[in-house]
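File shown here: entry_6.cif, holding mmCIF, C-alpha atoms.
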```
data_coords
#
loop_
_atom_site.label_atom_id
_atom_site.label_comp_id
_atom_site.auth_asym_id
_atom_site.auth_seq_id
_atom_site.Cartn_x
_atom_site.Cartn_y
_atom_site.Cartn_z
CA MET A 2 1.77 -66.31 36.65
CA SER A 3 2.38 -67.85 40.06
CA SER A 4 1.03 -66.07 43.10
CA ARG A 5 2.96 -65.44 46.26
CA THR A 6 2.05 -65.32 49.89
CA ILE A 7 3.71 -64.21 53.11
CA ALA A 8 4.87 -67.12 55.26
CA ASN A 9 6.46 -66.83 58.69
CA LYS A 10 8.44 -68.78 61.25
CA ILE A 11 6.98 -67.14 64.35
CA ARG A 12 5.80 -70.36 65.95
CA GLU A 13 9.25 -71.92 65.56
CA LEU A 14 10.98 -68.80 66.85
CA ARG A 15 8.66 -68.67 69.86
CA PHE A 16 9.52 -72.27 70.69
CA PHE A 17 13.24 -71.58 70.61
CA ALA A 18 12.77 -68.37 72.61
CA ASN A 19 12.23 -70.27 75.81
CA GLU A 20 8.79 -71.43 74.61
CA MET A 21 7.42 -67.91 74.57
CA THR A 22 3.63 -67.88 74.54
CA GLN A 23 1.51 -66.05 72.00
CA GLN A 24 0.28 -63.78 74.78
CA GLU A 25 3.83 -62.84 75.78
CA LEU A 26 4.74 -62.05 72.20
CA ALA A 27 1.50 -60.06 71.76
CA THR A 28 2.21 -58.01 74.88
CA ARG A 29 5.74 -57.22 73.78
CA VAL A 30 4.65 -56.23 70.28
CA GLY A 31 1.56 -54.31 71.40
CA VAL A 32 -1.16 -56.32 69.67
CA THR A 33 -3.75 -58.83 70.86
CA ARG A 34 -3.08 -62.54 71.21
CA GLN A 35 -5.67 -63.18 68.50
CA THR A 36 -3.68 -61.00 66.08
CA ILE A 37 -0.50 -63.01 66.75
CA MET A 38 -2.51 -66.20 66.22
CA ALA A 39 -3.90 -64.87 62.92
CA ILE A 40 -0.39 -63.88 61.76
CA GLU A 41 1.04 -67.32 62.61
CA LYS A 42 -1.76 -69.05 60.72
CA GLY A 43 -1.18 -66.81 57.71
CA LYS A 44 -4.70 -65.39 57.98
CA TYR A 45 -3.50 -61.82 58.53
CA SER A 46 -0.52 -59.92 57.09
CA PRO A 47 0.84 -57.47 59.67
CA SER A 48 1.94 -53.94 58.90
CA LEU A 49 5.65 -53.26 58.44
CA GLU A 50 5.81 -51.74 61.89
CA VAL A 51 4.37 -54.83 63.60
CA ALA A 52 6.53 -57.12 61.44
CA PHE A 53 9.67 -55.22 62.51
CA LYS A 54 8.58 -55.28 66.15
CA ILE A 55 8.14 -59.07 65.99
CA ALA A 56 11.58 -59.46 64.43
CA MET A 57 13.10 -57.24 67.16
CA VAL A 58 11.53 -59.39 69.90
CA PHE A 59 13.39 -62.42 68.51
CA ASP A 60 16.49 -60.36 67.71
CA GLN A 61 16.36 -61.58 64.13
CA PRO A 62 16.38 -59.82 60.75
CA ILE A 63 12.88 -59.43 59.35
CA THR A 64 13.61 -61.85 56.49
CA ALA A 65 14.36 -64.57 59.04
CA VAL A 66 10.85 -64.13 60.45
CA PHE A 67 8.79 -63.42 57.28
CA GLN A 68 9.26 -64.84 53.78
CA TYR A 69 7.56 -63.95 50.53
CA VAL A 70 7.10 -67.38 49.00
CA GLU A 71 5.25 -68.89 46.10
CA GLU A 72 1.91 -70.44 46.98
CA ASP A 73 1.80 -74.22 46.66
CA ALA A 74 -0.03 -75.20 43.49
CA ASP A 75 -2.91 -77.57 44.36
CA MET B 25 -11.01 -67.76 72.82
CA LEU B 26 -12.72 -64.53 71.84
CA SER B 27 -11.00 -61.19 72.22
CA PHE B 28 -12.68 -58.45 74.26
CA ARG B 29 -13.53 -56.58 71.07
CA GLU B 30 -15.29 -59.59 69.57
CA LYS B 31 -17.28 -60.24 72.75
CA SER B 32 -18.27 -56.56 72.76
CA LEU B 33 -19.49 -56.88 69.17
CA TRP B 34 -21.64 -59.91 69.99
CA VAL B 35 -23.20 -57.96 72.86
CA SER B 36 -23.89 -54.93 70.63
CA LEU B 37 -25.32 -57.12 67.86
CA LEU B 38 -27.60 -58.93 70.28
CA ILE B 39 -28.84 -55.69 71.84
CA SER B 40 -29.42 -54.11 68.41
CA ALA B 41 -31.34 -57.15 67.19
CA VAL B 42 -33.53 -57.20 70.32
CA ILE B 43 -34.23 -53.45 70.19
CA ALA B 44 -34.93 -53.62 66.44
CA SER B 45 -37.40 -56.47 66.90
CA ILE B 46 -39.21 -54.63 69.73
CA TYR B 47 -39.33 -51.55 67.52
CA GLY B 48 -40.65 -53.58 64.58
CA ASP B 49 -43.32 -55.16 66.76
CA ASN B 50 -44.47 -51.75 68.03
CA VAL B 51 -44.47 -50.25 64.53
CA TYR B 52 -46.61 -53.18 63.36
CA HIS B 53 -49.00 -52.43 66.22
CA PHE B 54 -49.12 -48.72 65.29
CA LEU B 55 -49.72 -49.33 61.63
CA PHE B 56 -52.06 -52.28 61.64
CA THR B 57 -53.87 -52.65 64.95
CA ALA B 58 -53.92 -49.30 66.76
CA SER B 59 -56.03 -47.03 64.61
CA ASP B 60 -55.80 -44.24 67.21
CA ALA B 61 -51.97 -44.15 67.39
CA THR B 62 -50.56 -40.66 67.03
CA GLY B 63 -47.20 -39.14 66.14
CA GLN B 64 -46.56 -38.62 69.85
CA ASP B 65 -46.88 -42.36 70.40
CA ALA B 66 -44.16 -42.93 67.80
CA VAL B 67 -41.91 -40.32 69.43
CA ALA B 68 -42.47 -41.87 72.86
CA LEU B 69 -41.58 -45.30 71.43
CA ILE B 70 -38.37 -44.00 69.87
CA ASN B 71 -37.39 -42.25 73.12
CA ARG B 72 -37.98 -45.41 75.16
CA LEU B 73 -35.97 -47.56 72.75
CA VAL B 74 -33.02 -45.14 72.62
CA ILE B 75 -32.88 -45.07 76.42
CA ALA B 76 -33.20 -48.86 76.59
CA PHE B 77 -30.41 -49.23 74.02
CA ILE B 78 -28.05 -46.92 75.93
CA VAL B 79 -28.76 -48.53 79.30
CA LEU B 80 -28.33 -52.08 77.96
CA GLU B 81 -25.09 -51.15 76.16
CA VAL B 82 -23.61 -49.55 79.28
CA VAL B 83 -24.68 -52.28 81.71
CA LEU B 84 -23.62 -55.22 79.56
CA HIS B 85 -20.32 -53.64 78.54
CA VAL B 86 -19.49 -52.84 82.16
CA ALA B 87 -20.22 -56.49 83.01
CA LEU B 88 -18.03 -57.59 80.09
CA ALA B 89 -15.19 -55.30 81.20
CA MET B 90 -15.41 -56.63 84.74
CA ASP B 91 -15.20 -60.17 83.40
CA ASP B 92 -12.24 -59.41 81.13
CA GLN B 93 -10.40 -56.56 82.79
CA GLU B 94 -7.14 -57.15 80.98
CA GLY B 95 -8.76 -57.26 77.55
CA SER B 96 -10.90 -54.20 78.16
CA GLY B 97 -7.84 -52.14 79.01
CA LEU B 98 -6.02 -52.89 75.76
CA PRO B 99 -6.22 -50.34 72.94
CA GLU B 100 -7.54 -51.43 69.56
CA ASP B 101 -4.72 -52.99 67.52
CA GLU B 102 -4.20 -52.60 63.77
CA ARG B 103 -6.14 -55.73 62.82
CA GLU B 104 -9.16 -54.74 64.92
CA LYS B 105 -9.02 -51.24 63.46
CA LEU B 106 -8.97 -52.68 59.91
CA PHE B 107 -12.01 -54.87 60.61
CA ARG B 108 -13.87 -51.93 62.17
CA LEU B 109 -13.18 -49.65 59.20
CA LYS B 110 -14.24 -52.30 56.66
CA ALA B 111 -17.43 -52.98 58.64
CA ASN B 112 -18.17 -49.25 58.90
CA GLU B 113 -18.06 -49.08 55.12
CA ALA B 114 -20.65 -51.86 54.84
CA GLY B 115 -22.91 -50.11 57.36
CA TYR B 116 -22.45 -46.81 55.55
CA TRP B 117 -23.69 -48.31 52.27
CA VAL B 118 -26.80 -49.71 53.94
CA LEU B 119 -27.49 -46.36 55.64
CA SER B 120 -26.89 -44.34 52.46
CA ILE B 121 -29.04 -46.54 50.23
CA GLY B 122 -31.77 -46.67 52.87
CA VAL B 123 -31.88 -42.90 53.45
CA ILE B 124 -31.84 -42.10 49.74
CA SER B 125 -34.58 -44.67 49.15
CA CYS B 126 -36.72 -43.11 51.92
CA ILE B 127 -36.24 -39.63 50.48
CA LEU B 128 -37.04 -40.69 46.90
CA HIS B 129 -40.02 -42.62 48.16
CA GLN B 130 -41.31 -39.60 50.08
CA MET B 131 -40.90 -37.44 46.99
CA ALA B 132 -42.84 -39.98 44.93
CA LEU B 133 -45.60 -40.13 47.55
CA SER B 134 -45.96 -36.35 47.57
CA THR B 135 -46.29 -36.41 43.77
CA PHE B 136 -48.65 -39.36 43.39
CA THR B 137 -51.64 -39.61 45.72
CA MET B 138 -51.92 -43.13 47.07
CA GLN B 139 -54.64 -44.85 49.03
CA ASP B 140 -54.04 -48.46 50.10
CA ASP B 141 -55.38 -50.24 53.15
CA SER B 142 -53.40 -53.46 52.65
CA HIS B 143 -50.53 -54.35 55.01
CA TYR B 144 -48.01 -53.45 52.32
CA GLY B 145 -49.77 -50.21 51.52
CA ARG B 146 -49.92 -49.11 55.15
CA PHE B 147 -46.18 -49.67 55.58
CA ILE B 148 -45.39 -47.80 52.38
CA LEU B 149 -47.47 -44.85 53.59
CA ALA B 150 -45.99 -44.89 57.12
CA PRO B 151 -44.31 -41.68 58.33
CA ILE B 152 -40.76 -41.26 57.04
CA GLU B 153 -39.27 -41.13 60.55
CA LEU B 154 -40.44 -44.68 61.26
CA LYS B 155 -38.80 -45.91 58.06
CA LEU B 156 -35.58 -44.00 58.75
CA ILE B 157 -35.29 -45.65 62.16
CA VAL B 158 -35.61 -49.05 60.44
CA VAL B 159 -32.82 -48.04 58.05
CA PHE B 160 -30.66 -46.96 61.00
CA TRP B 161 -31.10 -50.25 62.84
CA LEU B 162 -30.38 -52.19 59.65
CA SER B 163 -27.15 -50.27 59.13
CA GLU B 164 -26.09 -50.86 62.75
CA ILE B 165 -26.81 -54.57 62.52
CA THR B 166 -24.93 -54.70 59.21
CA ARG B 167 -21.97 -52.96 60.81
CA PHE B 168 -21.76 -55.32 63.78
CA ALA B 169 -22.44 -58.44 61.71
CA SER B 170 -19.83 -57.47 59.10
CA GLU B 171 -17.17 -56.92 61.72
CA LEU B 172 -18.00 -60.24 63.35
CA TYR B 173 -17.79 -61.92 59.95
CA PHE B 174 -14.20 -60.72 59.57
CA TYR B 175 -13.29 -62.04 63.01
CA ARG B 176 -15.00 -65.40 62.43
CA LYS B 177 -13.50 -65.83 58.95
CA GLU B 178 -10.11 -66.21 60.58
CA ALA B 179 -11.22 -68.72 63.20
#
```
Step by step, read the file and then write its structure as structure tokens.
Amino acid sequence: MSSRTIANKIRELRFFANEMTQQELATRVGVTRQTIMAIEKGKYSPSLEVAFKIAMVFDQPITAVFQYVEEDAD
Amino acid sequence: MLSFREKSLWVSLLISAVIASIYGDNVYHFLFTASDATGQDAVALINRLVIAFIVLEVVLHVALAMDDQEGSGLPEDEREKLFRLKANEAGYWVLSIGVISCILHQMALSTFTMQDDSHYGRFILAPIELKLIVVFWLSEITRFASELYFYRKEA
């Protein structure tokens, strides 16, 4: 059975949002910059509330920001 | 770059390790070199170390907050709260196992008369309050170290 992981396009969306910094996104969402960094790297899965807040910052549906994808087989 | 919470944890871990080593050194002195040490000496030691711990925590955290004013003003976010709760669980296990061990050990000592002048024997027969303080410091160090492990695992 293949396993899945949560991927995201936050870095890309930040770039196209006038090159928003991680700190700016963190401030708007209400978390620390380190949390945004961990989410972008896939090291931390945010709660639904934080995921929705991130999507609202970019004015995108949540599925455009986060995807539940199959892990690459090594 | 470290968050304020992580810097605070490093400070607390360092202070706990220093206080625990000073305590351990004094306990060694009480048990093995100072034959005239009394219970009051142990109480005085514990009082001094608690005061030193509180003063160091306050002073160093104030200095940390002054250095990172923005970070110190932010509330704990969900990720930091998760790390803290997981670390608290690790510290709780160390504290629980340590306290239960001390109690069982004390019960065994009251049942079986023991006389041992070796280093190991003198520690085993040390007053329970000295051993409980050791357990407390171990659980605190476990708590801080565990939380730092979660932060560093992501780096």
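Within 12 Å of chain A, counting all atoms listed in the file, chain B contributes Met25, Leu26, Ser27, Phe28, Arg29, Glu30, Glu94, Gly95, Ser96, Gly97, Leu98, Pro99, Glu100, Asp101, Glu102, Arg103, Glu104, Lys105, Leu106, Phe107, Phe174, Tyr175, Arg176, Lys177, Glu178 and Ala179 of chain B.
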Kindly give the distance, in Å, that separates CA of Ile78 (chain B) and CA of Gly122 (chain B), rounded to a single decimal.
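A separation of 23.4 Å between them.
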Expand the PyMOL selection byres ((chain B and resi 167) around 7) into the explicit residue set it covers here, and present it as number ranges by chain.
B: 111-112, 114-115, 163-166, 168-171
Dump as a PDB file, keeping the file's coordinate frame, selection limited to C-alpha atoms:
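Wrote it out as again19.pdb, contents follow:
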```pdb
ATOM      1  CA  ALA B 111     -17.430 -52.980  58.640  1.00  0.00           C
ATOM      2  CA  ASN B 112     -18.170 -49.250  58.900  1.00  0.00           C
ATOM      3  CA  ALA B 114     -20.650 -51.860  54.840  1.00  0.00           C
ATOM      4  CA  GLY B 115     -22.910 -50.110  57.360  1.00  0.00           C
ATOM      5  CA  SER B 163     -27.150 -50.270  59.130  1.00  0.00           C
ATOM      6  CA  GLU B 164     -26.090 -50.860  62.750  1.00  0.00           C
ATOM      7  CA  ILE B 165     -26.810 -54.570  62.520  1.00  0.00           C
ATOM      8  CA  THR B 166     -24.930 -54.700  59.210  1.00  0.00           C
ATOM      9  CA  PHE B 168     -21.760 -55.320  63.780  1.00  0.00           C
ATOM     10  CA  ALA B 169     -22.440 -58.440  61.710  1.00  0.00           C
ATOM     11  CA  SER B 170     -19.830 -57.470  59.100  1.00  0.00           C
ATOM     12  CA  GLU B 171     -17.170 -56.920  61.720  1.00  0.00           C
TER      13      GLU B 171
END
```
Pick from A:Leu49, A:Ala27, A:Val70, A:Ala18 nearest to Thr6 (chain A), counting only C-alpha atoms:
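Among the listed residues, the smallest separation from Thr6 (chain A) belongs to A:Val70.
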CA of Phe160 (chain B) to CA of Thr57 (chain B), distance in Å rounded to a single decimal
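So the answer is 24.2 Å.
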State, in Å with one decimal place, the distance from CA of Leu80 (chain B) to CA of Val42 (chain B).
10.6 Å
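The closest residue to Lys31 (chain B), picked from B:Val159, B:Ile46, B:Leu88, B:Leu128 and counting all atoms listed in the file, is B:Leu88.
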Residue by residue, what does the PyMOL selection byres ((chain B and resi 44) around 12) grab here? Present the result as JSON, numbers by chain.
{"B": [36, 37, 38, 39, 40, 41, 42, 43, 45, 46, 47, 48, 49, 50, 51, 69, 70, 73, 74, 76, 77, 154, 157, 158, 159, 160, 161, 162, 163, 164, 165]}
Would you please work out which residue, of B:Glu81, B:Gly63, B:Tyr116, B:Ala89, is nearest to Ile152 (chain B) when using all atoms listed in the file?
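The answer is B:Gly63, which sits nearest to Ile152 (chain B).
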Name the residues in contact with Arg12 (chain A) at a cut-off of 10 Å, using only C-alpha atoms, excluding same-chain residues fewer than 5 positions from it; report them as a JSON list (two decimals) with C-alpha atoms, keeping the file's coordinate frame.
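See part32.json below for the written result:
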```json
[["chain", "number", "residue", "atom", "x", "y", "z"],
["A", 17, "PHE", "CA", 13.24, -71.58, 70.61],
["A", 18, "ALA", "CA", 12.77, -68.37, 72.61],
["A", 20, "GLU", "CA", 8.79, -71.43, 74.61],
["A", 21, "MET", "CA", 7.42, -67.91, 74.57],
["A", 22, "THR", "CA", 3.63, -67.88, 74.54],
["A", 23, "GLN", "CA", 1.51, -66.05, 72.00],
["A", 37, "ILE", "CA", -0.50, -63.01, 66.75],
["A", 38, "MET", "CA", -2.51, -66.20, 66.22],
["A", 40, "ILE", "CA", -0.39, -63.88, 61.76],
["A", 41, "GLU", "CA", 1.04, -67.32, 62.61],
["A", 42, "LYS", "CA", -1.76, -69.05, 60.72],
["A", 66, "VAL", "CA", 10.85, -64.13, 60.45]]
```
Please write N, CA, C and O atoms of region 32-64 of chain A, from the structure given just now, as a PDB file, in the first residue's frame.
```pdb
ATOM      1  N   VAL A  32       1.273  32.652  13.372  1.00  0.00           N
ATOM      2  CA  VAL A  32       2.226  31.651  13.844  1.00  0.00           C
ATOM      3  C   VAL A  32       3.636  32.240  13.732  1.00  0.00           C
ATOM      4  O   VAL A  32       3.810  33.366  13.266  1.00  0.00           O
ATOM      5  N   THR A  33       4.625  31.474  14.165  1.00  0.00           N
ATOM      6  CA  THR A  33       6.008  31.975  14.083  1.00  0.00           C
ATOM      7  C   THR A  33       6.576  31.712  12.684  1.00  0.00           C
ATOM      8  O   THR A  33       6.067  30.880  11.934  1.00  0.00           O
ATOM      9  N   ARG A  34       7.627  32.445  12.367  1.00  0.00           N
ATOM     10  CA  ARG A  34       8.282  32.257  11.077  1.00  0.00           C
ATOM     11  C   ARG A  34       8.822  30.835  10.951  1.00  0.00           C
ATOM     12  O   ARG A  34       8.791  30.220   9.883  1.00  0.00           O
ATOM     13  N   GLN A  35       9.304  30.297  12.066  1.00  0.00           N
ATOM     14  CA  GLN A  35       9.853  28.938  12.053  1.00  0.00           C
ATOM     15  C   GLN A  35       8.766  27.908  11.724  1.00  0.00           C
ATOM     16  O   GLN A  35       9.051  26.885  11.090  1.00  0.00           O
ATOM     17  N   THR A  36       7.537  28.179  12.139  1.00  0.00           N
ATOM     18  CA  THR A  36       6.432  27.259  11.822  1.00  0.00           C
ATOM     19  C   THR A  36       6.138  27.283  10.319  1.00  0.00           C
ATOM     20  O   THR A  36       5.935  26.239   9.693  1.00  0.00           O
ATOM     21  N   ILE A  37       6.130  28.495   9.737  1.00  0.00           N
ATOM     22  CA  ILE A  37       5.907  28.602   8.287  1.00  0.00           C
ATOM     23  C   ILE A  37       7.028  27.872   7.544  1.00  0.00           C
ATOM     24  O   ILE A  37       6.786  27.134   6.577  1.00  0.00           O
ATOM     25  N   MET A  38       8.252  28.041   8.025  1.00  0.00           N
ATOM     26  CA  MET A  38       9.402  27.380   7.397  1.00  0.00           C
ATOM     27  C   MET A  38       9.243  25.858   7.463  1.00  0.00           C
ATOM     28  O   MET A  38       9.486  25.144   6.491  1.00  0.00           O
ATOM     29  N   ALA A  39       8.813  25.364   8.629  1.00  0.00           N
ATOM     30  CA  ALA A  39       8.630  23.918   8.809  1.00  0.00           C
ATOM     31  C   ALA A  39       7.515  23.395   7.910  1.00  0.00           C
ATOM     32  O   ALA A  39       7.614  22.299   7.349  1.00  0.00           O
ATOM     33  N   ILE A  40       6.456  24.190   7.746  1.00  0.00           N
ATOM     34  CA  ILE A  40       5.339  23.776   6.871  1.00  0.00           C
ATOM     35  C   ILE A  40       5.823  23.712   5.426  1.00  0.00           C
ATOM     36  O   ILE A  40       5.548  22.735   4.711  1.00  0.00           O
ATOM     37  N   GLU A  41       6.540  24.728   4.982  1.00  0.00           N
ATOM     38  CA  GLU A  41       7.035  24.762   3.600  1.00  0.00           C
ATOM     39  C   GLU A  41       7.942  23.577   3.300  1.00  0.00           C
ATOM     40  O   GLU A  41       7.885  23.002   2.212  1.00  0.00           O
ATOM     41  N   LYS A  42       8.771  23.211   4.280  1.00  0.00           N
ATOM     42  CA  LYS A  42       9.704  22.098   4.075  1.00  0.00           C
ATOM     43  C   LYS A  42       9.025  20.748   4.199  1.00  0.00           C
ATOM     44  O   LYS A  42       9.642  19.710   3.988  1.00  0.00           O
ATOM     45  N   GLY A  43       7.763  20.750   4.610  1.00  0.00           N
ATOM     46  CA  GLY A  43       7.048  19.490   4.791  1.00  0.00           C
ATOM     47  C   GLY A  43       7.400  18.787   6.094  1.00  0.00           C
ATOM     48  O   GLY A  43       7.102  17.604   6.279  1.00  0.00           O
ATOM     49  N   LYS A  44       8.029  19.510   7.017  1.00  0.00           N
ATOM     50  CA  LYS A  44       8.423  18.913   8.294  1.00  0.00           C
ATOM     51  C   LYS A  44       7.296  18.988   9.322  1.00  0.00           C
ATOM     52  O   LYS A  44       7.341  18.330  10.357  1.00  0.00           O
ATOM     53  N   TYR A  45       6.301  19.814   9.071  1.00  0.00           N
ATOM     54  CA  TYR A  45       5.202  19.975  10.018  1.00  0.00           C
ATOM     55  C   TYR A  45       3.910  20.117   9.246  1.00  0.00           C
ATOM     56  O   TYR A  45       3.828  20.865   8.277  1.00  0.00           O
ATOM     57  N   SER A  46       2.869  19.364   9.671  1.00  0.00           N
ATOM     58  CA  SER A  46       1.548  19.486   9.048  1.00  0.00           C
ATOM     59  C   SER A  46       0.695  20.401   9.906  1.00  0.00           C
ATOM     60  O   SER A  46       0.433  20.085  11.072  1.00  0.00           O
ATOM     61  N   PRO A  47       0.239  21.521   9.363  1.00  0.00           N
ATOM     62  CA  PRO A  47      -0.525  22.466  10.180  1.00  0.00           C
ATOM     63  C   PRO A  47      -1.917  21.937  10.488  1.00  0.00           C
ATOM     64  O   PRO A  47      -2.405  21.007   9.843  1.00  0.00           O
ATOM     65  N   SER A  48      -2.555  22.567  11.464  1.00  0.00           N
ATOM     66  CA  SER A  48      -3.950  22.232  11.758  1.00  0.00           C
ATOM     67  C   SER A  48      -4.816  22.764  10.623  1.00  0.00           C
ATOM     68  O   SER A  48      -4.375  23.584   9.804  1.00  0.00           O
ATOM     69  N   LEU A  49      -6.064  22.324  10.605  1.00  0.00           N
ATOM     70  CA  LEU A  49      -6.996  22.793   9.563  1.00  0.00           C
ATOM     71  C   LEU A  49      -7.145  24.304   9.626  1.00  0.00           C
ATOM     72  O   LEU A  49      -7.187  24.985   8.596  1.00  0.00           O
ATOM     73  N   GLU A  50      -7.215  24.815  10.845  1.00  0.00           N
ATOM     74  CA  GLU A  50      -7.415  26.255  11.016  1.00  0.00           C
ATOM     75  C   GLU A  50      -6.267  27.042  10.382  1.00  0.00           C
ATOM     76  O   GLU A  50      -6.496  27.991   9.623  1.00  0.00           O
ATOM     77  N   VAL A  51      -5.036  26.628  10.675  1.00  0.00           N
ATOM     78  CA  VAL A  51      -3.872  27.333  10.117  1.00  0.00           C
ATOM     79  C   VAL A  51      -3.814  27.137   8.606  1.00  0.00           C
ATOM     80  O   VAL A  51      -3.489  28.067   7.858  1.00  0.00           O
ATOM     81  N   ALA A  52      -4.156  25.948   8.137  1.00  0.00           N
ATOM     82  CA  ALA A  52      -4.156  25.679   6.686  1.00  0.00           C
ATOM     83  C   ALA A  52      -5.154  26.593   5.980  1.00  0.00           C
ATOM     84  O   ALA A  52      -4.850  27.190   4.933  1.00  0.00           O
ATOM     85  N   PHE A  53      -6.341  26.752   6.565  1.00  0.00           N
ATOM     86  CA  PHE A  53      -7.349  27.648   5.973  1.00  0.00           C
ATOM     87  C   PHE A  53      -6.888  29.102   6.010  1.00  0.00           C
ATOM     88  O   PHE A  53      -7.108  29.862   5.055  1.00  0.00           O
ATOM     89  N   LYS A  54      -6.247  29.486   7.109  1.00  0.00           N
ATOM     90  CA  LYS A  54      -5.769  30.869   7.218  1.00  0.00           C
ATOM     91  C   LYS A  54      -4.729  31.158   6.151  1.00  0.00           C
ATOM     92  O   LYS A  54      -4.707  32.238   5.550  1.00  0.00           O
ATOM     93  N   ILE A  55      -3.829  30.195   5.901  1.00  0.00           N
ATOM     94  CA  ILE A  55      -2.808  30.371   4.866  1.00  0.00           C
ATOM     95  C   ILE A  55      -3.474  30.513   3.503  1.00  0.00           C
ATOM     96  O   ILE A  55      -3.123  31.396   2.704  1.00  0.00           O
ATOM     97  N   ALA A  56      -4.459  29.666   3.236  1.00  0.00           N
ATOM     98  CA  ALA A  56      -5.162  29.737   1.953  1.00  0.00           C
ATOM     99  C   ALA A  56      -5.867  31.093   1.796  1.00  0.00           C
ATOM    100  O   ALA A  56      -5.880  31.677   0.709  1.00  0.00           O
ATOM    101  N   MET A  57      -6.430  31.602   2.888  1.00  0.00           N
ATOM    102  CA  MET A  57      -7.142  32.895   2.827  1.00  0.00           C
ATOM    103  C   MET A  57      -6.176  34.029   2.540  1.00  0.00           C
ATOM    104  O   MET A  57      -6.525  34.989   1.864  1.00  0.00           O
ATOM    105  N   VAL A  58      -4.941  33.945   3.083  1.00  0.00           N
ATOM    106  CA  VAL A  58      -3.946  35.003   2.827  1.00  0.00           C
ATOM    107  C   VAL A  58      -3.682  35.111   1.329  1.00  0.00           C
ATOM    108  O   VAL A  58      -3.559  36.208   0.781  1.00  0.00           O
ATOM    109  N   PHE A  59      -3.610  33.960   0.654  1.00  0.00           N
ATOM    110  CA  PHE A  59      -3.330  33.965  -0.788  1.00  0.00           C
ATOM    111  C   PHE A  59      -4.610  34.025  -1.627  1.00  0.00           C
ATOM    112  O   PHE A  59      -4.547  34.000  -2.861  1.00  0.00           O
ATOM    113  N   ASP A  60      -5.736  34.078  -0.959  1.00  0.00           N
ATOM    114  CA  ASP A  60      -7.039  34.127  -1.641  1.00  0.00           C
ATOM    115  C   ASP A  60      -7.182  32.949  -2.611  1.00  0.00           C
ATOM    116  O   ASP A  60      -7.563  33.110  -3.785  1.00  0.00           O
ATOM    117  N   GLN A  61      -6.834  31.780  -2.124  1.00  0.00           N
ATOM    118  CA  GLN A  61      -6.884  30.567  -2.932  1.00  0.00           C
ATOM    119  C   GLN A  61      -7.691  29.505  -2.183  1.00  0.00           C
ATOM    120  O   GLN A  61      -7.750  29.524  -0.951  1.00  0.00           O
ATOM    121  N   PRO A  62      -8.297  28.539  -2.916  1.00  0.00           N
ATOM    122  CA  PRO A  62      -8.915  27.416  -2.202  1.00  0.00           C
ATOM    123  C   PRO A  62      -7.830  26.589  -1.526  1.00  0.00           C
ATOM    124  O   PRO A  62      -6.674  26.578  -1.989  1.00  0.00           O
ATOM    125  N   ILE A  63      -8.181  25.910  -0.472  1.00  0.00           N
ATOM    126  CA  ILE A  63      -7.184  25.185   0.317  1.00  0.00           C
ATOM    127  C   ILE A  63      -6.480  24.106  -0.501  1.00  0.00           C
ATOM    128  O   ILE A  63      -5.297  23.827  -0.295  1.00  0.00           O
ATOM    129  N   THR A  64      -7.195  23.515  -1.475  1.00  0.00           N
ATOM    130  CA  THR A  64      -6.583  22.472  -2.303  1.00  0.00           C
ATOM    131  C   THR A  64      -5.550  23.043  -3.270  1.00  0.00           C
ATOM    132  O   THR A  64      -4.734  22.284  -3.807  1.00  0.00           O
TER     133      THR A  64
END
```
